[in-house]
Each structure stands twice: as structure tokens, then as C-alpha cells.
Amino acid sequence: MINVLYATTAPAWADYETPLRRAFDAAGLQVHLSQDIAPEKVDYIVYSPKSALTDFTPYTNTKAVLNLWAGVEAIVGNTTLTQPLCRMVDHGLERGMVEWVAGHTLRHHLDIDYFLARQSGSWEPMVPPLAQDRPITILGLGELGRACAKALHQLGFPVTGWSRTEKQIDGITCLHGTEGLEQALSSAQILVLLLPLTEETTDLLDASRLAQLPKGATILNPGRGPLIVDEALIAALDSGQISRATLDVFRAEPLPAAHPFWAHPRVTVCPHIASETRASTASEVIAENIRRGEAGEDFLFRVDRARGY
Ligand code: NDP
């Protein structure tokens, strides 16, 4: 019997218990799944950053901690965690992000807000450019960035992507490293942030990097809040350097009521909903990783603790 501890209250046990049991059965795993197992008996921990579990020291026989979220910044630096850590890569999460990024890109590209503001009888034609004339840059070419890059390319946008290491993706201009960043920013009429939060990416978009974007660029941030320096973004919005920002993630969540993003006329606040881990598909990923662990195979989506993602 494999002991699997469900160690979080969000997402709720009620949402995950049945899909996890179904996925374990489908994978042929004999699992005791519970929210309460003596630490030394736990084989695997299903975890999320909302978990109250912060000290992994008593989990002496645990073979892996399986994070339900793609981002691991809340746990990766935990010095009590010596067990392997795996993050979530899930079909539902990827498709959700593609839909969010494509939807908000098209909103800004077509300037749908312009027409929404003229429903009182103003007949003021404004023809948007074609996608082929609207270069987009995506910072981060991982699981989510790559899927979004391909989808935007399919829609006809010229897409540039930026990553830490060199990449080749059909139809996408791939740049990397510090030296590639200025070029990636310089053409971006729409900039999409899909980087993990690490020491290197914190405050990446500061005043000087915002100034490297073409005047009037739009920013979509479904990555993490601290990728952008809030005050620098507000100053760039006020000066017209940035025309609009759609933000899904923030330094403090929920975004405090007094934060200037709420009242800013050119900021759209989304409450961290760009993409959710879906219980049915995520449970299959968890089951597959436990199957691998039991078979002595390498885990999928193992986090590189030194790299931070
Ligand atoms: P991945 O780990 O698959 O990809 C991360 C990408 O960022 C890689 O291309 C990586 O480069 C690049 N990168 C990391 N550090 C640097 C750096 N210093 N310089 C340049 N590039 C860098 O992550 P995912 O695509 O799965 O997810 C990305 C992020 O999206 C998550 O970490 C999370 O923060 C966010 N997210 C937000 C959600 C939401 O609802 N708002 C939902 C899910 C995720 P390389 O390929 O060279 O390693």
C-alpha cells in the first residue's frame, strides 16, 4: 500500500479526492489517500502553496512532494525540504493559459475597449491592423510560454520568445540570455510575461526595461506579480510609454483595495484566474509520477532547486 498525504486545504479535498482515487485506480496503484497520515509513514505528499505544512523534516520516508501548481516559488527555498519536488504541468493548465493569453491579446489587438466605450451612439470607425503587423514578445518559453507562442503564431502574429537557454521553435524568433532581452523587448507591441519567479526574474521589468519597449506597448502578466516593479509600471502607464496592462498576478494577493492598480483607467485586474490546475487532468499527472516513483523511474517535471524552477 502506498501512503499519499493530501496536505492542503486549497484546492479543496472535496474537489480532488474522487479524481485522485480514479487516477490511482487507472494507473493500477494501491493507494491509501488521506489528509491525515503519520509523517514517517507518508510515501508521497500532494501539496500546494496554500498548505499549512512548512516543516518537511518529519517526513523521513517521503519519496516526493508533488506540487499542484506550476509555480514553486513558495516552496523551492524551504530548507527542510530535502525530498524531490515536482511541479504541475497539466494539459488543462496549458489550454487555460493559451485561452487567457489569446483572449486578452485579441482584446488589445482589436481594441475591443474602444468599441465598448462607444455604445452610446458614437459611430467612429477605427480599423485595427492585421495580426501580421502586431509583433508580440513572450518572456518565458517553457511549457506555457511555448504553447502560447505557438497559438499566437497560428493567429498570424509575429512572435518573439525569450528564455534562459537557447531554443528553436518553428515560426518563433527565439532569443535568450541577458543579451537577448533588449532585442526581445524592443519589438514588443504586446508583451506577455510567463516567467517563473526566481531571484533572477524578480523586478525584471523595471523602469529601464519598460523604457526599452516600443512606446504605447501593452503588457499582459499572467506570470507572477514581482516580475514587474509596480511603481515603474504605473509611471510608464501615466507617461504613455505603456498604453495598457492586464494583470492576473500581484505582489500581494488578493490585491489590496488601496492599490493604485484597481483605480488606474488603463489597468485590468484579474484575480489570479488566468489558468487553474484542473483536478481531472492534474490527478493523472500525480498518479503517473507516483507510478514512476514506485517503478524506480525518473519523476516528471522535477524542479531544479538550484535554478529555482
Ligand atoms: P516552465 O518552467 O516550463 O518555463 C519557464 C520559462 O522561463 C523557461 O523557458 C525558462 O527558460 C524561462 N526562464 C526562467 N528563468 C529565466 C531567466 N532568468 N531568464 C530568461 N528566461 C528564464 O514554466 P511554465 O511555463 O510551466 O510556467 C511559467 C509560470 O507561469 C509559472 O512559474 C507560474 O509563475 C506562472 N503561472 C501562472 C498561472 C496563472 O494562473 N496566472 C498558472 C500557471 C502558471 P529555459 O527554458 O531556458 O529554462
# chains A, B, ... in the order shown; residues from 1 in each chain; ligands from 1
>>> closest_atom_pairs(of="chain A", to="ligand 1", cutoff="8 Å", atoms="only C-alpha atoms and all ligand atoms", output="JSON lines")
{"residue": "A:Trp69", "atom": "CA", "partner": "ligand 1", "partner_atom_place_in_ligand_line": "43 (C)", "distance": 6.7}
{"residue": "A:Ala70", "atom": "CA", "partner": "ligand 1", "partner_atom_place_in_ligand_line": "44 (C)", "distance": 4.9}
{"residue": "A:Gly71", "atom": "CA", "partner": "ligand 1", "partner_atom_place_in_ligand_line": "32 (O)", "distance": 3.9}
{"residue": "A:Val72", "atom": "CA", "partner": "ligand 1", "partner_atom_place_in_ligand_line": "32 (O)", "distance": 6.8}
{"residue": "A:Glu73", "atom": "CA", "partner": "ligand 1", "partner_atom_place_in_ligand_line": "32 (O)", "distance": 7.8}
{"residue": "A:Met88", "atom": "CA", "partner": "ligand 1", "partner_atom_place_in_ligand_line": "26 (O)", "distance": 7.4}
{"residue": "A:Val89", "atom": "CA", "partner": "ligand 1", "partner_atom_place_in_ligand_line": "26 (O)", "distance": 6.0}
{"residue": "A:Leu93", "atom": "CA", "partner": "ligand 1", "partner_atom_place_in_ligand_line": "43 (C)", "distance": 6.5}
{"residue": "A:Glu94", "atom": "CA", "partner": "ligand 1", "partner_atom_place_in_ligand_line": "43 (C)", "distance": 7.8}
{"residue": "A:Met97", "atom": "CA", "partner": "ligand 1", "partner_atom_place_in_ligand_line": "42 (C)", "distance": 6.8}
{"residue": "A:Leu139", "atom": "CA", "partner": "ligand 1", "partner_atom_place_in_ligand_line": "21 (N)", "distance": 6.7}
{"residue": "A:Gly140", "atom": "CA", "partner": "ligand 1", "partner_atom_place_in_ligand_line": "7 (O)", "distance": 3.7}
{"residue": "A:Leu141", "atom": "CA", "partner": "ligand 1", "partner_atom_place_in_ligand_line": "9 (O)", "distance": 3.5}
{"residue": "A:Gly142", "atom": "CA", "partner": "ligand 1", "partner_atom_place_in_ligand_line": "4 (O)", "distance": 3.1}
{"residue": "A:Glu143", "atom": "CA", "partner": "ligand 1", "partner_atom_place_in_ligand_line": "25 (O)", "distance": 3.9}
{"residue": "A:Leu144", "atom": "CA", "partner": "ligand 1", "partner_atom_place_in_ligand_line": "25 (O)", "distance": 3.6}
{"residue": "A:Gly145", "atom": "CA", "partner": "ligand 1", "partner_atom_place_in_ligand_line": "25 (O)", "distance": 5.2}
{"residue": "A:Arg146", "atom": "CA", "partner": "ligand 1", "partner_atom_place_in_ligand_line": "25 (O)", "distance": 7.3}
{"residue": "A:Trp162", "atom": "CA", "partner": "ligand 1", "partner_atom_place_in_ligand_line": "21 (N)", "distance": 6.1}
{"residue": "A:Ser163", "atom": "CA", "partner": "ligand 1", "partner_atom_place_in_ligand_line": "21 (N)", "distance": 3.4}
{"residue": "A:Arg164", "atom": "CA", "partner": "ligand 1", "partner_atom_place_in_ligand_line": "20 (C)", "distance": 3.5}
{"residue": "A:Thr165", "atom": "CA", "partner": "ligand 1", "partner_atom_place_in_ligand_line": "47 (O)", "distance": 3.5}
{"residue": "A:Glu166", "atom": "CA", "partner": "ligand 1", "partner_atom_place_in_ligand_line": "47 (O)", "distance": 6.4}
{"residue": "A:Lys167", "atom": "CA", "partner": "ligand 1", "partner_atom_place_in_ligand_line": "46 (O)", "distance": 7.4}
{"residue": "A:His176", "atom": "CA", "partner": "ligand 1", "partner_atom_place_in_ligand_line": "20 (C)", "distance": 6.4}
{"residue": "A:Gly177", "atom": "CA", "partner": "ligand 1", "partner_atom_place_in_ligand_line": "20 (C)", "distance": 5.8}
{"residue": "A:Thr178", "atom": "CA", "partner": "ligand 1", "partner_atom_place_in_ligand_line": "19 (N)", "distance": 7.1}
{"residue": "A:Leu193", "atom": "CA", "partner": "ligand 1", "partner_atom_place_in_ligand_line": "30 (O)", "distance": 7.9}
{"residue": "A:Leu194", "atom": "CA", "partner": "ligand 1", "partner_atom_place_in_ligand_line": "30 (O)", "distance": 4.8}
{"residue": "A:Leu195", "atom": "CA", "partner": "ligand 1", "partner_atom_place_in_ligand_line": "7 (O)", "distance": 4.2}
{"residue": "A:Pro196", "atom": "CA", "partner": "ligand 1", "partner_atom_place_in_ligand_line": "32 (O)", "distance": 3.3}
{"residue": "A:Leu197", "atom": "CA", "partner": "ligand 1", "partner_atom_place_in_ligand_line": "34 (O)", "distance": 5.9}
{"residue": "A:Thr198", "atom": "CA", "partner": "ligand 1", "partner_atom_place_in_ligand_line": "15 (N)", "distance": 6.8}
{"residue": "A:Glu200", "atom": "CA", "partner": "ligand 1", "partner_atom_place_in_ligand_line": "18 (N)", "distance": 4.9}
{"residue": "A:Thr201", "atom": "CA", "partner": "ligand 1", "partner_atom_place_in_ligand_line": "18 (N)", "distance": 5.3}
{"residue": "A:Asn221", "atom": "CA", "partner": "ligand 1", "partner_atom_place_in_ligand_line": "41 (N)", "distance": 7.7}
{"residue": "A:Pro222", "atom": "CA", "partner": "ligand 1", "partner_atom_place_in_ligand_line": "41 (N)", "distance": 4.1}
{"residue": "A:Gly223", "atom": "CA", "partner": "ligand 1", "partner_atom_place_in_ligand_line": "35 (C)", "distance": 4.0}
{"residue": "A:Arg224", "atom": "CA", "partner": "ligand 1", "partner_atom_place_in_ligand_line": "34 (O)", "distance": 5.0}
{"residue": "A:Asp248", "atom": "CA", "partner": "ligand 1", "partner_atom_place_in_ligand_line": "41 (N)", "distance": 5.7}
{"residue": "A:Val249", "atom": "CA", "partner": "ligand 1", "partner_atom_place_in_ligand_line": "41 (N)", "distance": 5.9}
{"residue": "A:His272", "atom": "CA", "partner": "ligand 1", "partner_atom_place_in_ligand_line": "41 (N)", "distance": 5.2}
{"residue": "A:Ile273", "atom": "CA", "partner": "ligand 1", "partner_atom_place_in_ligand_line": "40 (O)", "distance": 4.9}
{"residue": "A:Ala274", "atom": "CA", "partner": "ligand 1", "partner_atom_place_in_ligand_line": "40 (O)", "distance": 4.0}
{"residue": "A:Ser275", "atom": "CA", "partner": "ligand 1", "partner_atom_place_in_ligand_line": "40 (O)", "distance": 3.8}
{"residue": "A:Glu276", "atom": "CA", "partner": "ligand 1", "partner_atom_place_in_ligand_line": "40 (O)", "distance": 5.5}
{"residue": "A:Thr277", "atom": "CA", "partner": "ligand 1", "partner_atom_place_in_ligand_line": "42 (C)", "distance": 7.4}
{"residue": "A:Arg307", "atom": "CA", "partner": "ligand 1", "partner_atom_place_in_ligand_line": "15 (N)", "distance": 7.8}
{"residue": "A:Tyr309", "atom": "CA", "partner": "ligand 1", "partner_atom_place_in_ligand_line": "2 (O)", "distance": 5.6}
>>> residues_around(residues="Met126 (chain A)", least_positions_apart="4", cutoff="10 Å", atoms="only C-alpha atoms", output="list in words")
Leu110, Asp111, Tyr114 and Phe115 of chain A
>>> write_last_selection(atoms="N, CA and C atoms", output="PDB file, in the first residue's frame")
ATOM      1  N   LEU A 110      -7.400  44.163 -31.169  1.00  0.00           N
ATOM      2  CA  LEU A 110      -8.571  44.685 -31.896  1.00  0.00           C
ATOM      3  C   LEU A 110      -9.120  45.951 -31.257  1.00  0.00           C
ATOM      4  N   ASP A 111      -8.569  46.319 -30.113  1.00  0.00           N
ATOM      5  CA  ASP A 111      -9.044  47.455 -29.305  1.00  0.00           C
ATOM      6  C   ASP A 111     -10.559  47.358 -29.053  1.00  0.00           C
ATOM      7  N   TYR A 114     -12.277  50.123 -27.182  1.00  0.00           N
ATOM      8  CA  TYR A 114     -12.649  51.329 -27.918  1.00  0.00           C
ATOM      9  C   TYR A 114     -14.131  51.274 -28.294  1.00  0.00           C
ATOM     10  N   PHE A 115     -14.580  50.121 -28.777  1.00  0.00           N
ATOM     11  CA  PHE A 115     -15.975  49.992 -29.215  1.00  0.00           C
ATOM     12  C   PHE A 115     -16.929  49.870 -28.025  1.00  0.00           C
TER      13      PHE A 115
END
>>> select_by_dssp(residues="region 25-229 of chain A", states="helix (DSSP H, G or I)", output="ChimeraX atom specification")
/A:25-26,39-41,91-109,112-116,131-133,143-154,177-186,207-211,225-227
>>> select_by_dssp(residues="region 136-189 of chain A", states="strand (DSSP E or B)", output="list in words")
Ile136, Thr137, Ile138, Leu139, Val159, Thr160, Gly161, Trp162, Ser163, Ile169, Ile172, Thr173, Cys174, Leu175 and His176 of chain A
>>> closest_residue(among="A:His259, A:Lys41, A:Arg278, A:Arg266", to="Asp230 (chain A)", atoms="only C-alpha atoms")
A:His259
>>> closest_residue(among="A:Leu152, A:Ala258, A:Leu20, A:Val229", to="Ala282 (chain A)", atoms="only C-alpha atoms")
A:Leu20
>>> residues_around(residues="region 209-220 of chain A", least_positions_apart="5", cutoff="9 Å", atoms="only C-alpha atoms", output="ChimeraX atom specification")
/A:101,104-105,108,181-193,204,232-233,236-237,240-248
>>> write_last_selection(atoms="N, CA and C atoms", output="compact mmCIF listing (two decimals), in the first residue's frame")
# COMPACT_ATOMS: atom_id res chain seq x y z
N VAL A 101 -4.35 34.05 -22.62
CA VAL A 101 -3.39 34.92 -23.33
C VAL A 101 -3.94 35.30 -24.71
N HIS A 104 -6.91 37.91 -24.19
CA HIS A 104 -6.51 39.27 -23.82
C HIS A 104 -5.64 39.90 -24.90
N THR A 105 -4.90 39.10 -25.63
CA THR A 105 -4.13 39.64 -26.76
C THR A 105 -5.10 40.20 -27.80
N HIS A 108 -6.78 43.51 -26.85
CA HIS A 108 -5.96 44.71 -27.04
C HIS A 108 -5.63 44.93 -28.51
N LEU A 181 17.54 39.92 -24.21
CA LEU A 181 16.36 40.57 -23.62
C LEU A 181 16.04 41.92 -24.26
N GLU A 182 17.08 42.73 -24.48
CA GLU A 182 16.82 44.07 -25.04
C GLU A 182 16.16 43.95 -26.41
N GLN A 183 16.67 43.01 -27.23
CA GLN A 183 16.08 42.81 -28.56
C GLN A 183 14.64 42.29 -28.44
N ALA A 184 14.43 41.40 -27.48
CA ALA A 184 13.08 40.84 -27.30
C ALA A 184 12.10 41.95 -26.91
N LEU A 185 12.55 42.87 -26.07
CA LEU A 185 11.66 43.95 -25.62
C LEU A 185 11.45 44.98 -26.73
N SER A 186 12.48 45.22 -27.53
CA SER A 186 12.46 46.38 -28.44
C SER A 186 11.37 46.29 -29.50
N SER A 187 10.89 45.08 -29.83
CA SER A 187 9.89 44.97 -30.90
C SER A 187 8.48 44.70 -30.36
N ALA A 188 8.34 44.58 -29.03
CA ALA A 188 7.10 44.03 -28.47
C ALA A 188 5.97 45.04 -28.36
N GLN A 189 5.04 45.02 -29.32
CA GLN A 189 3.85 45.87 -29.14
C GLN A 189 2.95 45.30 -28.05
N ILE A 190 2.97 43.97 -27.93
CA ILE A 190 2.31 43.32 -26.78
C ILE A 190 3.34 42.42 -26.13
N LEU A 191 3.50 42.57 -24.81
CA LEU A 191 4.48 41.78 -24.06
C LEU A 191 3.75 40.86 -23.09
N VAL A 192 4.05 39.57 -23.16
CA VAL A 192 3.40 38.59 -22.28
C VAL A 192 4.46 38.02 -21.34
N LEU A 193 4.19 38.04 -20.04
CA LEU A 193 5.16 37.54 -19.06
C LEU A 193 4.75 36.15 -18.59
N LEU A 204 12.33 42.09 -12.84
CA LEU A 204 12.92 42.12 -14.19
C LEU A 204 12.44 43.33 -14.98
N ALA A 232 7.11 51.44 -11.19
CA ALA A 232 7.65 51.72 -12.52
C ALA A 232 6.56 51.54 -13.58
N LEU A 233 5.72 50.51 -13.39
CA LEU A 233 4.65 50.28 -14.37
C LEU A 233 3.64 51.43 -14.32
N ALA A 236 5.06 54.37 -16.05
CA ALA A 236 5.10 54.16 -17.50
C ALA A 236 3.70 54.27 -18.11
N LEU A 237 2.69 53.84 -17.37
CA LEU A 237 1.30 53.99 -17.84
C LEU A 237 0.92 55.47 -17.86
N GLY A 240 2.45 57.30 -20.78
CA GLY A 240 2.07 56.84 -22.12
C GLY A 240 3.08 55.87 -22.72
N GLN A 241 4.20 55.62 -22.01
CA GLN A 241 5.17 54.64 -22.52
C GLN A 241 4.50 53.27 -22.64
N ILE A 242 3.66 52.93 -21.65
CA ILE A 242 2.85 51.71 -21.71
C ILE A 242 1.40 52.16 -21.86
N SER A 243 0.69 51.59 -22.83
CA SER A 243 -0.68 52.08 -23.02
C SER A 243 -1.67 51.35 -22.12
N ARG A 244 -1.46 50.04 -21.93
CA ARG A 244 -2.40 49.28 -21.10
C ARG A 244 -1.71 48.08 -20.47
N ALA A 245 -2.26 47.65 -19.36
CA ALA A 245 -1.73 46.44 -18.72
C ALA A 245 -2.89 45.60 -18.23
N THR A 246 -2.83 44.31 -18.53
CA THR A 246 -3.78 43.36 -17.96
C THR A 246 -2.99 42.45 -17.04
N LEU A 247 -3.32 42.50 -15.76
CA LEU A 247 -2.50 41.83 -14.74
C LEU A 247 -3.34 40.78 -14.03
N ASP A 248 -2.80 39.58 -13.95
CA ASP A 248 -3.52 38.47 -13.30
C ASP A 248 -2.89 38.11 -11.96
>>> residues_around(residues="Glu17 (chain A)", least_positions_apart="5", cutoff="10 Å", atoms="only C-alpha atoms", output="list in words")
Tyr6, Ala12, Arg22, Leu33, Ser34, Gln35, Ala279 and Ser283 of chain A
>>> atom_distance(atom1="CA of Gly296 (chain A)", atom2="CA of Leu81 (chain A)")
20.4 Å
>>> residues_around(residues="Phe56 (chain A)", least_positions_apart="3", cutoff="12 Å", atoms="only C-alpha atoms", output="list in words")
Ala7, Pro39, Glu40, Val42, Tyr44, Ile45, Tyr47, Ser51, Ala52, Leu53, Tyr59, Thr60, Asn61, Thr62, Lys63, Ala64, Val65, Ile75, Asn78, Thr79, Thr80, Leu81, Thr82, Gln83, Pro84 and Leu85 of chain A
>>> atom_distance(atom1="CA of Ile286 (chain A)", atom2="CA of Leu66 (chain A)")
6.8 Å
>>> atom_distance(atom1="CA of Tyr16 (chain A)", atom2="CA of Cys270 (chain A)")
24.7 Å
>>> residues_around(residues="Phe299 (chain A)", least_positions_apart="5", cutoff="9 Å", atoms="only C-alpha atoms", output="PyMOL selection string")
chain A and resi 64+84+86+288-290+292-293
>>> write_last_selection(atoms="C-alpha atoms", output="PDB file, in the first residue's frame")
ATOM      1  CA  ALA A  64       8.462  13.098  -3.457  1.00  0.00           C
ATOM      2  CA  PRO A  84      12.411  15.607  -4.628  1.00  0.00           C
ATOM      3  CA  CYS A  86       7.829  18.103  -8.745  1.00  0.00           C
ATOM      4  CA  GLU A 288       1.867   8.941 -13.226  1.00  0.00           C
ATOM      5  CA  ASN A 289       4.573  10.450 -11.013  1.00  0.00           C
ATOM      6  CA  ILE A 290       3.739   8.036  -8.183  1.00  0.00           C
ATOM      7  CA  ARG A 292       7.236   6.334 -11.783  1.00  0.00           C
ATOM      8  CA  GLY A 293       8.486   6.667  -8.231  1.00  0.00           C
TER       9      GLY A 293
END
>>> residues_around(residues="Gln154 (chain A)", least_positions_apart="6", cutoff="12 Å", atoms="only C-alpha atoms", output="ChimeraX atom specification")
/A:98,102,131-132,147-148,170-172
>>> closest_residue(among="A:His153, A:Arg291, A:Arg107, A:Arg118", to="Thr268 (chain A)", atoms="only C-alpha atoms")
A:Arg107
>>> closest_residue(among="A:Leu130, A:Leu300, A:Cys174, A:Val76", to="Leu155 (chain A)", atoms="only C-alpha atoms")
A:Leu130
